[in-house]
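Listing of target.cif, mmCIF, C-alpha atoms and all ligand atoms
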data_upload
#
loop_
_atom_site.label_atom_id
_atom_site.label_comp_id
_atom_site.auth_asym_id
_atom_site.auth_seq_id
_atom_site.Cartn_x
_atom_site.Cartn_y
_atom_site.Cartn_z
CA MET A 2 92.02 144.86 96.13
CA ALA A 3 92.49 148.60 96.41
CA GLN A 4 92.95 150.80 93.38
CA ALA A 5 96.47 151.73 92.34
CA SER A 6 97.46 154.89 94.15
CA LEU A 7 99.51 157.91 93.27
CA ASN A 8 100.65 159.47 96.53
CA ILE A 9 101.60 163.11 96.36
CA ASP A 10 103.59 164.78 99.11
CA LEU A 11 102.35 168.37 99.18
CA ASP A 12 104.89 169.31 101.84
CA ALA A 13 107.65 168.28 99.41
CA VAL A 14 106.08 170.41 96.63
CA VAL A 15 106.01 173.38 99.01
CA ALA A 16 109.60 172.74 100.15
CA ASN A 17 110.74 172.61 96.52
CA TRP A 18 108.92 175.88 95.76
CA LEU A 19 110.48 177.57 98.79
CA ALA A 20 113.94 176.33 97.76
CA LEU A 21 113.50 177.67 94.21
CA ASP A 22 112.06 180.90 95.63
CA ALA A 23 115.19 181.29 97.77
CA ARG A 24 117.37 180.77 94.69
CA SER A 25 115.36 183.28 92.72
CA GLY A 26 116.61 186.08 94.98
CA GLU A 27 114.98 188.81 97.05
CA ALA A 28 113.82 191.10 94.28
CA THR A 29 112.26 188.33 92.19
CA ARG A 30 108.80 186.80 92.62
CA THR A 31 108.51 183.06 92.16
CA ALA A 32 105.49 181.73 90.31
CA ALA A 33 104.32 178.13 90.02
CA VAL A 34 103.63 176.40 86.71
CA VAL A 35 100.59 174.16 87.18
CA LYS A 36 99.69 173.40 83.56
CA ALA A 37 98.55 169.91 82.56
CA ASP A 38 96.94 169.46 85.99
CA SER A 39 100.21 170.26 87.78
CA TYR A 40 102.17 167.87 85.59
CA GLY A 41 99.61 165.14 86.25
CA LEU A 42 99.68 165.44 90.04
CA GLY A 43 96.46 167.42 90.52
CA ALA A 44 96.37 171.23 90.23
CA GLU A 45 93.33 171.56 92.49
CA ARG A 46 95.39 170.32 95.42
CA VAL A 47 98.90 171.40 94.44
CA ALA A 48 98.12 175.04 93.60
CA PRO A 49 96.22 175.83 96.84
CA ALA A 50 99.05 174.29 98.89
CA LEU A 51 101.47 176.63 97.11
CA TYR A 52 99.12 179.57 97.63
CA ARG A 53 99.10 178.86 101.36
CA ALA A 54 102.91 178.85 101.25
CA GLY A 55 102.94 182.29 99.64
CA ALA A 56 102.79 181.74 95.86
CA ARG A 57 100.56 184.29 94.13
CA ASP A 58 101.39 183.75 90.45
CA PHE A 59 100.30 180.63 88.58
CA PHE A 60 100.77 179.57 84.98
CA VAL A 61 98.50 177.25 82.99
CA ALA A 62 98.61 176.35 79.31
CA LEU A 63 94.93 176.82 78.48
CA ALA A 64 92.13 179.13 79.58
CA GLU A 65 90.04 176.07 80.52
CA GLU A 66 92.74 175.00 82.97
CA GLY A 67 92.77 178.48 84.49
CA ALA A 68 89.00 178.64 84.83
CA ARG A 69 88.96 175.26 86.58
CA LEU A 70 91.67 176.40 88.97
CA ARG A 71 90.23 179.80 89.88
CA PRO A 72 87.71 178.66 92.55
CA HIS A 73 90.49 176.84 94.41
CA LEU A 74 92.74 179.87 94.86
CA GLY A 75 92.53 182.98 97.01
CA GLU A 76 91.68 186.41 95.68
CA GLU A 77 95.28 187.52 95.31
CA ALA A 78 96.14 184.76 92.86
CA ARG A 79 97.07 185.79 89.34
CA ILE A 80 96.54 183.07 86.74
CA PHE A 81 98.53 183.50 83.53
CA VAL A 82 97.59 181.58 80.37
CA LEU A 83 100.64 180.57 78.31
CA GLY A 84 98.57 179.77 75.24
CA GLY A 85 97.35 183.37 75.23
CA HIS A 86 93.93 184.44 74.04
CA MET A 87 92.64 181.75 71.70
CA ALA A 88 89.47 182.04 69.65
CA GLY A 89 86.40 181.51 71.80
CA ASP A 90 88.21 182.11 75.11
CA ALA A 91 86.94 185.63 75.87
CA ALA A 92 84.18 184.61 78.28
CA LEU A 93 86.45 182.21 80.20
CA ILE A 94 89.19 184.83 80.47
CA ARG A 95 86.75 187.50 81.66
CA ASP A 96 84.74 185.39 84.09
CA ALA A 97 87.77 183.73 85.72
CA GLY A 98 89.90 186.87 85.64
CA LEU A 99 92.71 185.15 83.71
CA ILE A 100 95.74 186.95 82.26
CA PRO A 101 96.41 185.75 78.71
CA MET A 102 100.01 185.94 77.51
CA LEU A 103 99.39 187.26 74.00
CA ASN A 104 101.53 185.45 71.46
CA SER A 105 100.86 187.07 68.08
CA PRO A 106 99.40 190.16 66.42
CA GLU A 107 96.22 188.14 65.86
CA GLN A 108 95.91 187.47 69.59
CA VAL A 109 96.56 191.12 70.40
CA ALA A 110 93.79 192.17 68.02
CA ARG A 111 91.44 189.51 69.37
CA HIS A 112 92.06 190.49 72.97
CA LEU A 113 91.72 194.24 72.44
CA GLU A 114 88.56 193.72 70.47
CA ALA A 115 86.85 191.33 72.89
CA LEU A 116 88.15 192.52 76.26
CA PRO A 117 89.70 195.97 75.87
CA ASP A 118 89.82 196.58 79.63
CA ALA A 119 91.11 193.16 80.72
CA THR A 120 94.68 192.71 81.90
CA CYS A 121 97.06 190.86 79.60
CA GLY A 122 100.72 190.05 79.17
CA VAL A 123 102.92 189.28 76.20
CA GLN A 124 105.05 186.28 75.35
CA LEU A 125 108.04 186.98 73.10
CA ASP A 126 109.98 184.56 70.94
CA THR A 127 113.72 184.96 71.59
CA GLY A 128 114.84 182.07 69.38
CA MET A 129 112.95 178.94 70.36
CA ASN A 130 110.55 179.40 67.46
CA ARG A 131 107.66 177.79 69.26
CA LEU A 132 105.36 180.39 70.77
CA GLY A 133 105.49 184.14 71.19
CA MET A 134 105.69 187.38 69.23
CA GLU A 135 108.60 187.90 66.87
CA ALA A 136 110.72 191.02 67.12
CA GLU A 137 109.10 193.02 64.29
CA ASP A 138 105.55 192.31 65.46
CA TRP A 139 106.51 193.21 69.00
CA GLU A 140 108.09 196.49 67.91
CA ALA A 141 104.88 197.38 66.13
CA ALA A 142 102.58 196.43 69.00
CA ALA A 143 104.70 197.48 72.00
CA PRO A 144 103.85 201.20 72.24
CA MET A 145 100.11 200.56 72.22
CA LEU A 146 100.33 197.62 74.65
CA ARG A 147 102.56 199.58 77.01
CA ASP A 148 100.05 202.40 77.15
CA LYS A 149 97.41 199.85 78.01
CA GLY A 150 99.51 198.55 80.90
CA LEU A 151 100.93 195.04 80.64
CA ALA A 152 101.09 192.68 83.62
CA LEU A 153 104.14 190.79 82.36
CA VAL A 154 106.45 190.32 79.40
CA MET A 155 108.05 186.91 79.15
CA SER A 156 110.05 184.56 76.98
CA HIS A 157 111.16 180.94 77.31
CA LEU A 158 114.61 179.31 77.10
CA ALA A 159 115.11 176.35 74.77
CA CYS A 160 118.26 174.88 76.38
CA ALA A 161 118.23 175.97 80.03
CA ASP A 162 118.78 172.40 81.26
CA GLU A 163 122.25 172.59 79.62
CA PRO A 164 124.00 175.38 81.56
CA GLU A 165 126.92 175.62 79.11
CA HIS A 166 124.74 175.84 76.01
CA GLU A 167 125.46 178.93 73.90
CA MET A 168 121.73 179.31 73.27
CA ASN A 169 121.25 180.57 76.85
CA PRO A 170 123.30 183.80 76.60
CA ARG A 171 122.00 184.32 73.07
CA GLN A 172 118.36 184.24 74.21
CA LEU A 173 119.24 186.37 77.25
CA ALA A 174 120.76 189.05 75.00
CA GLU A 175 117.78 188.94 72.68
CA PHE A 176 115.37 189.26 75.62
CA HIS A 177 117.28 192.32 76.83
CA ARG A 178 117.26 193.79 73.35
CA MET A 179 113.49 193.33 73.06
CA THR A 180 112.52 194.51 76.56
CA ASP A 181 115.14 196.81 78.16
CA GLY A 182 113.63 200.04 79.39
CA ILE A 183 110.08 198.90 78.83
CA GLY A 184 108.95 199.43 82.41
CA VAL A 185 106.93 196.21 82.56
CA PRO A 186 107.73 193.23 84.86
CA ARG A 187 109.76 190.64 82.98
CA SER A 188 110.20 186.85 83.18
CA LEU A 189 112.59 184.52 81.36
CA ALA A 190 113.45 181.60 83.66
CA ALA A 191 111.69 178.28 84.24
CA THR A 192 113.35 175.71 86.56
CA GLY A 193 116.49 175.41 84.44
CA GLY A 194 116.76 179.18 84.05
CA ILE A 195 116.63 179.73 87.81
CA LEU A 196 119.69 177.50 88.15
CA LEU A 197 121.55 179.54 85.48
CA GLY A 198 121.86 182.37 88.00
CA PRO A 199 120.63 185.89 88.75
CA ASP A 200 121.20 187.27 85.23
CA TYR A 201 118.27 185.12 84.15
CA HIS A 202 115.84 185.87 86.99
CA PHE A 203 114.39 189.32 86.11
CA ASP A 204 111.19 190.10 88.06
CA LEU A 205 109.46 186.72 88.07
CA THR A 206 110.59 183.11 87.70
CA ARG A 207 108.32 180.27 86.49
CA PRO A 208 109.39 176.87 87.85
CA GLY A 209 107.38 173.78 86.97
CA ILE A 210 109.26 170.49 87.02
CA GLY A 211 111.46 171.50 89.95
CA LEU A 212 108.35 171.74 92.15
CA TYR A 213 107.45 168.17 91.26
CA GLY A 214 110.84 166.66 92.06
CA GLY A 215 112.36 166.48 88.59
CA ARG A 216 115.64 167.37 86.88
CA PRO A 217 117.38 169.71 86.40
CA PHE A 218 116.73 170.77 90.03
CA ASP A 219 118.90 168.07 91.61
CA ALA A 220 118.19 169.28 95.15
CA ALA A 221 114.43 168.71 94.68
CA LEU A 222 112.64 166.45 97.14
CA GLY A 223 110.73 163.52 95.62
CA VAL A 224 107.02 164.27 95.42
CA ALA A 225 105.30 161.27 93.79
CA ARG A 226 105.04 157.70 94.96
CA LEU A 227 103.21 155.27 92.68
CA SER A 228 102.03 152.12 94.47
CA LEU A 229 100.47 149.31 92.46
CA PRO A 230 98.36 146.58 94.08
CA VAL A 231 99.07 142.88 93.64
CA ILE A 232 95.99 141.14 92.22
CA GLN A 233 97.33 137.60 92.09
CA THR A 234 100.51 135.57 92.43
CA ARG A 235 101.48 132.35 90.66
CA VAL A 236 104.44 130.01 90.48
CA VAL A 237 106.05 129.57 87.07
CA GLN A 238 108.24 126.57 86.25
CA PRO A 239 111.56 126.72 84.36
CA GLY A 240 110.87 126.92 80.62
CA GLU A 241 107.46 128.57 81.06
CA THR A 242 106.90 132.07 79.72
CA VAL A 243 105.12 135.20 80.99
CA GLY A 244 102.92 137.69 79.17
CA TYR A 245 102.19 138.70 75.57
CA GLY A 246 104.68 137.51 72.97
CA ASN A 247 106.43 135.12 75.41
CA THR A 248 109.18 137.70 75.84
CA TRP A 249 110.34 136.32 79.18
CA GLU A 250 111.10 132.71 80.05
CA ALA A 251 111.70 131.41 83.56
CA GLU A 252 115.08 129.83 84.25
CA ARG A 253 114.19 128.82 87.79
CA VAL A 254 111.02 128.26 89.78
CA THR A 255 109.69 131.82 89.87
CA THR A 256 106.93 133.58 91.76
CA ILE A 257 105.19 136.11 89.54
CA ALA A 258 102.94 138.80 91.03
CA THR A 259 100.38 140.39 88.70
CA LEU A 260 99.78 144.09 89.37
CA ALA A 261 96.78 146.23 88.44
CA ALA A 262 98.22 148.96 86.18
CA GLY A 263 99.59 149.09 82.66
CA TYR A 264 100.31 151.25 79.65
CA ALA A 265 96.80 152.72 79.78
CA ASP A 266 97.93 154.23 83.08
CA GLY A 267 101.06 155.79 81.61
CA ILE A 268 103.46 152.93 82.32
CA HIS A 269 105.38 153.07 79.08
CA ARG A 270 105.43 149.75 77.23
CA VAL A 271 109.11 150.26 76.48
CA LEU A 272 109.69 149.41 80.16
CA SER A 273 108.80 145.76 79.44
CA ASN A 274 111.55 143.52 80.88
CA VAL A 275 113.50 146.67 81.78
CA THR A 276 112.43 148.29 85.03
CA ASP A 277 112.25 147.10 88.60
CA LEU A 278 109.40 147.68 91.04
CA TYR A 279 110.19 148.09 94.71
CA ALA A 280 109.05 146.29 97.83
CA GLY A 281 110.42 148.82 100.29
CA ASP A 282 114.04 149.08 99.16
CA ILE A 283 114.12 145.67 97.47
CA PRO A 284 114.03 145.75 93.64
CA CYS A 285 111.75 143.23 91.91
CA PRO A 286 112.21 142.88 88.14
CA LEU A 287 109.32 143.48 85.74
CA ARG A 288 109.03 140.29 83.66
CA GLY A 289 107.47 140.14 80.22
CA ARG A 290 105.53 142.86 78.48
CA VAL A 291 103.62 145.74 80.01
CA SER A 292 99.93 145.07 79.20
CA MET A 293 97.20 147.69 78.99
CA ASP A 294 96.06 147.17 82.58
CA LEU A 295 98.52 144.69 84.07
CA LEU A 296 102.17 144.16 84.96
CA THR A 297 103.94 140.95 85.89
CA VAL A 298 106.72 141.15 88.45
CA ASP A 299 109.27 138.65 89.77
CA VAL A 300 108.82 138.49 93.55
CA THR A 301 110.61 135.16 94.04
CA ASP A 302 113.24 136.64 96.35
CA LEU A 303 110.81 138.36 98.70
CA GLY A 304 110.07 136.59 101.97
CA GLU A 305 106.45 137.67 101.77
CA VAL A 306 104.53 139.23 98.90
CA PRO A 307 103.37 142.72 99.94
CA ASP A 308 99.97 144.21 99.07
CA THR A 309 101.59 146.78 96.77
CA LEU A 310 104.85 147.41 94.90
CA ASP A 311 106.19 150.85 94.03
CA LEU A 312 107.11 151.83 90.48
CA ILE A 313 107.99 155.39 91.50
CA GLY A 314 109.16 156.22 94.99
CA PRO A 315 112.17 156.87 97.17
CA TYR A 316 114.23 154.08 95.59
CA GLN A 317 113.35 154.84 91.96
CA GLY A 318 112.53 158.45 91.26
CA VAL A 319 110.75 159.95 88.30
CA ASP A 320 113.99 160.67 86.44
CA ALA A 321 115.42 157.20 87.05
CA LEU A 322 112.28 155.71 85.50
CA ALA A 323 112.43 158.24 82.66
CA ASP A 324 116.01 157.21 81.89
CA LEU A 325 114.93 153.57 81.64
CA ALA A 326 112.07 154.56 79.31
CA GLY A 327 114.26 156.79 77.15
CA THR A 328 112.28 159.91 78.01
CA ILE A 329 112.15 162.76 80.53
CA GLY A 330 110.53 163.06 83.95
CA TYR A 331 107.99 165.52 82.55
CA GLU A 332 106.59 162.86 80.24
CA ILE A 333 106.52 160.18 82.94
CA LEU A 334 104.52 162.45 85.26
CA THR A 335 102.08 163.86 82.72
CA ALA A 336 101.37 160.38 81.33
CA LEU A 337 100.12 159.11 84.72
CA GLY A 338 96.50 158.45 83.93
CA PRO A 339 93.15 159.18 85.53
CA ARG A 340 92.68 155.69 86.98
CA TYR A 341 95.00 156.23 89.93
CA ALA A 342 93.54 157.29 93.25
CA ARG A 343 95.50 160.47 93.91
CA ARG A 344 96.19 160.73 97.62
CA TYR A 345 97.69 163.81 99.19
CA SER A 346 99.74 164.04 102.33
CA GLU A 347 100.17 167.38 103.98
CA GLN A 348 101.10 168.46 107.46
CA LYS A 349 97.95 169.64 109.16
CA THR A 350 98.45 173.22 110.30
C1 LIG A 401 106.28 174.49 80.98
C2 LIG A 401 106.80 175.88 81.01
C3 LIG A 401 107.47 176.38 82.14
C4 LIG A 401 107.92 175.49 83.28
O1 LIG A 401 109.07 174.79 82.85
P1 LIG A 401 109.84 173.74 83.78
O2 LIG A 401 110.99 173.32 82.93
O3 LIG A 401 108.89 172.65 84.06
O4 LIG A 401 110.26 174.48 85.00
C5 LIG A 401 107.78 177.73 82.16
N1 LIG A 401 107.47 178.54 81.11
C6 LIG A 401 106.87 178.08 80.00
C7 LIG A 401 106.60 178.99 78.88
C8 LIG A 401 106.53 176.74 79.90
O5 LIG A 401 105.95 176.28 78.79
#
Will you turn the file into structure tokens for me?
Amino acid sequence: MAQASLNIDLDAVVANWLALDARSGEATRTAAVVKADSYGLGAERVAPALYRAGARDFFVALAEEGARLRPHLGEEARIFVLGGHMAGDAALIRDAGLIPMLNSPEQVARHLEALPDATCGVQLDTGMNRLGMEAEDWEAAAPMLRDKGLALVMSHLACADEPEHEMNPRQLAEFHRMTDGIGVPRSLAATGGILLGPDYHFDLTRPGIGLYGGRPFDAALGVARLSLPVIQTRVVQPGETVGYGNTWEAERVTTIATLAAGYADGIHRVLSNVTDLYAGDIPCPLRGRVSMDLLTVDVTDLGEVPDTLDLIGPYQGVDALADLAGTIGYEILTALGPRYARRYSEQKT
């Protein structure tokens, strides 16, 4: 039987980017965040599709990710590294022409020492307390960095997926306070920030999850379809149990299909006895525990057992599955493991 497949609709990714680009306004460039292998969907295919659609600015978390991506993008692509300039990264940054977003006085010193002529940007902390330069350090470093010529100054919002949260205007005010008049392109908004409106857009927006079909961009098209092959079916009698720990017991004569994927593939074990899989639009309940490599699904009510069932698709999106698992779409996507055959559909032009 064929390998489980993760089908990625590149046209939908592009449509989502164009929709977020339209919302970002005329004067604002729209980047694409492709860290963690484009949220698990495959940066080497996703990023070039976005480049062909007009994206020129890409964000990764690590220099290694940027170096791997560089050969797949055209010359005009700028690749920003959110983790900045970490120890040992100088050769990667130089050879792949990456733009590190410097996060601390230590990173500034490291960058200026190792690559004094290489372009860089700065990430500021406006209240999230995760990554970025604090106000005093920035004040000390700003004049020198400005003289050098920065590509971008950015910060990140902690609560942008909650439009009414008081943290949003607070971080916006702090970002203004730290950067007004600086004469360097600025960026504050990821997907959630774009939806907060033009005050948050500045010169460049940085959507990630919205490109991949996830909340909070409700108008996003679905991008991923996860189809799992049926290895075997069996008939289970009333009173018999299914799977580890006997957590499910048949109450009627039941047809169980065993599927080739499990928690080692990012199918969270907490979904045991909770989620449905889909045969077209027909839901089929997962019975018993999620195993490392296998799932057991109740297909009794199907006329015919199909070759594959969908865990993620048009009838159960990434966020619906995330809700069942008590997590977020980001974690569902980035957990999807390396064993899936990633297949890409794209209109041939
Ligand atoms: C991950 C990330 C983004 C993208 O965020 P989404 O919510 O996925 O749009 C943007 N900026 C930074 C700093 C990030 O870490």
Please report, as a tab-separated table, each residue of chain A lying at most 6 Å from ligand LIG 401 (chain A), together with the nearest pair of atoms and the separation in Å rounded to one decimal; use all atoms listed in the file, and order rows by chain and ascending residue number.
residue	atom	partner	partner_atom	distance
A:Val34	CA	A:LIG401	C4	5.6
A:His157	CA	A:LIG401	C7	5.2
A:Ala191	CA	A:LIG401	O4	4.1
A:Thr192	CA	A:LIG401	O4	3.7
A:Arg207	CA	A:LIG401	C5	5.0
A:Pro208	CA	A:LIG401	O4	3.8
A:Gly209	CA	A:LIG401	O3	3.5
A:Ile210	CA	A:LIG401	O3	3.7
A:Gly211	CA	A:LIG401	O4	5.9
Worksheet item: CA of Arg53 (chain A) to CA of Ala28 (chain A): how many Å, to one decimal?
Response: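 CA of Ala28 (chain A) lies at a distance of 20.4 Å from CA of Arg53 (chain A).
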Discussion item. Using only C-alpha atoms, which protein or nucleic acid residues come within 10 Å of Thr309 (chain A)? Drop anything in the same chain fewer than 3 positions from it, and give the result as a list in words.
Written reply: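 The contact residues come out as Met2, Ala3, Ala5, Ser6, Leu227, Ser228, Leu229, Pro230, Val231, Ile232, Ala258, Leu260, Ala261, Leu278, Tyr279, Ala280, Gly281, Val306 and Leu312 of chain A.
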Practice prompt. Calculate how many Å separate CA of Leu153 (chain A) from CA of Ala97 (chain A), rounding to one decimal.
Written response: 18.1 Å
Item to complete: Tell me, in Å to one decimal, how far CA of Lys149 (chain A) is from CA of Met102 (chain A).
Response: 14.2 Å
Practice prompt. Find the residues with any atom within 12 Å of (105.3, 184.1, 88.2); use all atoms listed in the file and the coordinates as given in the file, and write the answer as a PyMOL selection string.
Written response: chain A and resi 18+22+25+29-35+55-61+78-83+100+122+152-155+186-192+202-209
Item to complete: Write out as a PyMOL selection string each polymer residue whose atoms come within 9 Å of Pro315 (chain A), counting all atoms listed in the file; drop sequence neighbours fewer than 4 positions from it.
Response: chain A and resi 223+225-226+281-282
Fill in: Who sits within 10 Å of Asp96 (chain A), only C-alpha atoms, same chain under 5 positions skipped, as number ranges by chain
A: 68, 71, 91
Item to complete: Give as JSON, numbers by chain every residue, naming chains and numbers as the document does, that has an atom within 6 Å of (106.3, 202.6, 79.9), counting only C-alpha atoms.
Response: {"A": [147, 183, 184]}
Place all heavy atoms on region 85-95 of chain A and deliver the coordinates as a CSV table (one decimal), in the coordinates of the input.
chain,number,residue,atom,x,y,z
A,85,GLY,N,97.8,182.1,75.6
A,85,GLY,CA,97.4,183.4,75.2
A,85,GLY,C,95.8,183.4,75.1
A,85,GLY,O,95.1,182.8,75.9
A,86,HIS,N,95.4,184.3,74.2
A,86,HIS,CA,93.9,184.4,74.0
A,86,HIS,C,93.5,183.7,72.8
A,86,HIS,O,93.7,184.3,71.7
A,86,HIS,CB,93.6,185.9,74.0
A,86,HIS,CG,92.1,186.2,74.0
A,86,HIS,ND1,91.6,187.3,74.6
A,86,HIS,CD2,91.1,185.6,73.5
A,86,HIS,CE1,90.3,187.3,74.5
A,86,HIS,NE2,90.0,186.3,73.8
A,87,MET,N,93.0,182.5,72.9
A,87,MET,CA,92.6,181.8,71.7
A,87,MET,C,91.2,182.0,71.4
A,87,MET,O,90.4,182.5,72.2
A,87,MET,CB,92.9,180.3,72.0
A,87,MET,CG,94.3,179.9,72.2
A,87,MET,SD,94.8,178.2,71.9
A,87,MET,CE,94.2,177.4,73.4
A,88,ALA,N,90.8,181.8,70.1
A,88,ALA,CA,89.5,182.0,69.6
A,88,ALA,C,88.5,181.4,70.6
A,88,ALA,O,88.6,180.2,70.9
A,88,ALA,CB,89.3,181.6,68.2
A,89,GLY,N,87.5,182.1,71.0
A,89,GLY,CA,86.4,181.5,71.8
A,89,GLY,C,86.7,181.6,73.3
A,89,GLY,O,85.9,181.1,74.1
A,90,ASP,N,87.8,182.1,73.7
A,90,ASP,CA,88.2,182.1,75.1
A,90,ASP,C,87.8,183.3,75.9
A,90,ASP,O,87.9,183.4,77.1
A,90,ASP,CB,89.7,182.0,75.3
A,90,ASP,CG,90.3,180.6,75.1
A,90,ASP,OD1,89.5,179.7,75.0
A,90,ASP,OD2,91.5,180.5,75.1
A,91,ALA,N,87.2,184.3,75.2
A,91,ALA,CA,86.9,185.6,75.9
A,91,ALA,C,86.1,185.5,77.2
A,91,ALA,O,86.5,186.1,78.2
A,91,ALA,CB,86.3,186.6,74.9
A,92,ALA,N,85.0,184.7,77.1
A,92,ALA,CA,84.2,184.6,78.3
A,92,ALA,C,84.9,183.9,79.4
A,92,ALA,O,84.8,184.4,80.6
A,92,ALA,CB,82.9,183.8,77.9
A,93,LEU,N,85.7,182.9,79.1
A,93,LEU,CA,86.4,182.2,80.2
A,93,LEU,C,87.5,183.2,80.8
A,93,LEU,O,87.6,183.2,82.0
A,93,LEU,CB,87.2,181.0,79.6
A,93,LEU,CG,86.5,179.7,79.4
A,93,LEU,CD1,87.5,178.7,78.8
A,93,LEU,CD2,86.0,179.2,80.7
A,94,ILE,N,88.1,183.9,80.0
A,94,ILE,CA,89.2,184.8,80.5
A,94,ILE,C,88.6,185.9,81.4
A,94,ILE,O,89.1,186.2,82.4
A,94,ILE,CB,89.9,185.5,79.3
A,94,ILE,CG1,90.8,184.4,78.6
A,94,ILE,CG2,90.8,186.7,79.7
A,94,ILE,CD1,91.4,184.9,77.3
A,95,ARG,N,87.4,186.4,80.9
A,95,ARG,CA,86.8,187.5,81.7
A,95,ARG,C,86.2,187.0,83.0
A,95,ARG,O,86.5,187.5,84.1
A,95,ARG,CB,85.6,188.1,80.8
A,95,ARG,CG,84.9,189.2,81.5
A,95,ARG,CD,83.6,189.6,80.7
A,95,ARG,NE,82.7,188.4,80.7
A,95,ARG,CZ,82.0,188.0,79.6
A,95,ARG,NH1,82.1,188.7,78.5
A,95,ARG,NH2,81.3,186.9,79.7
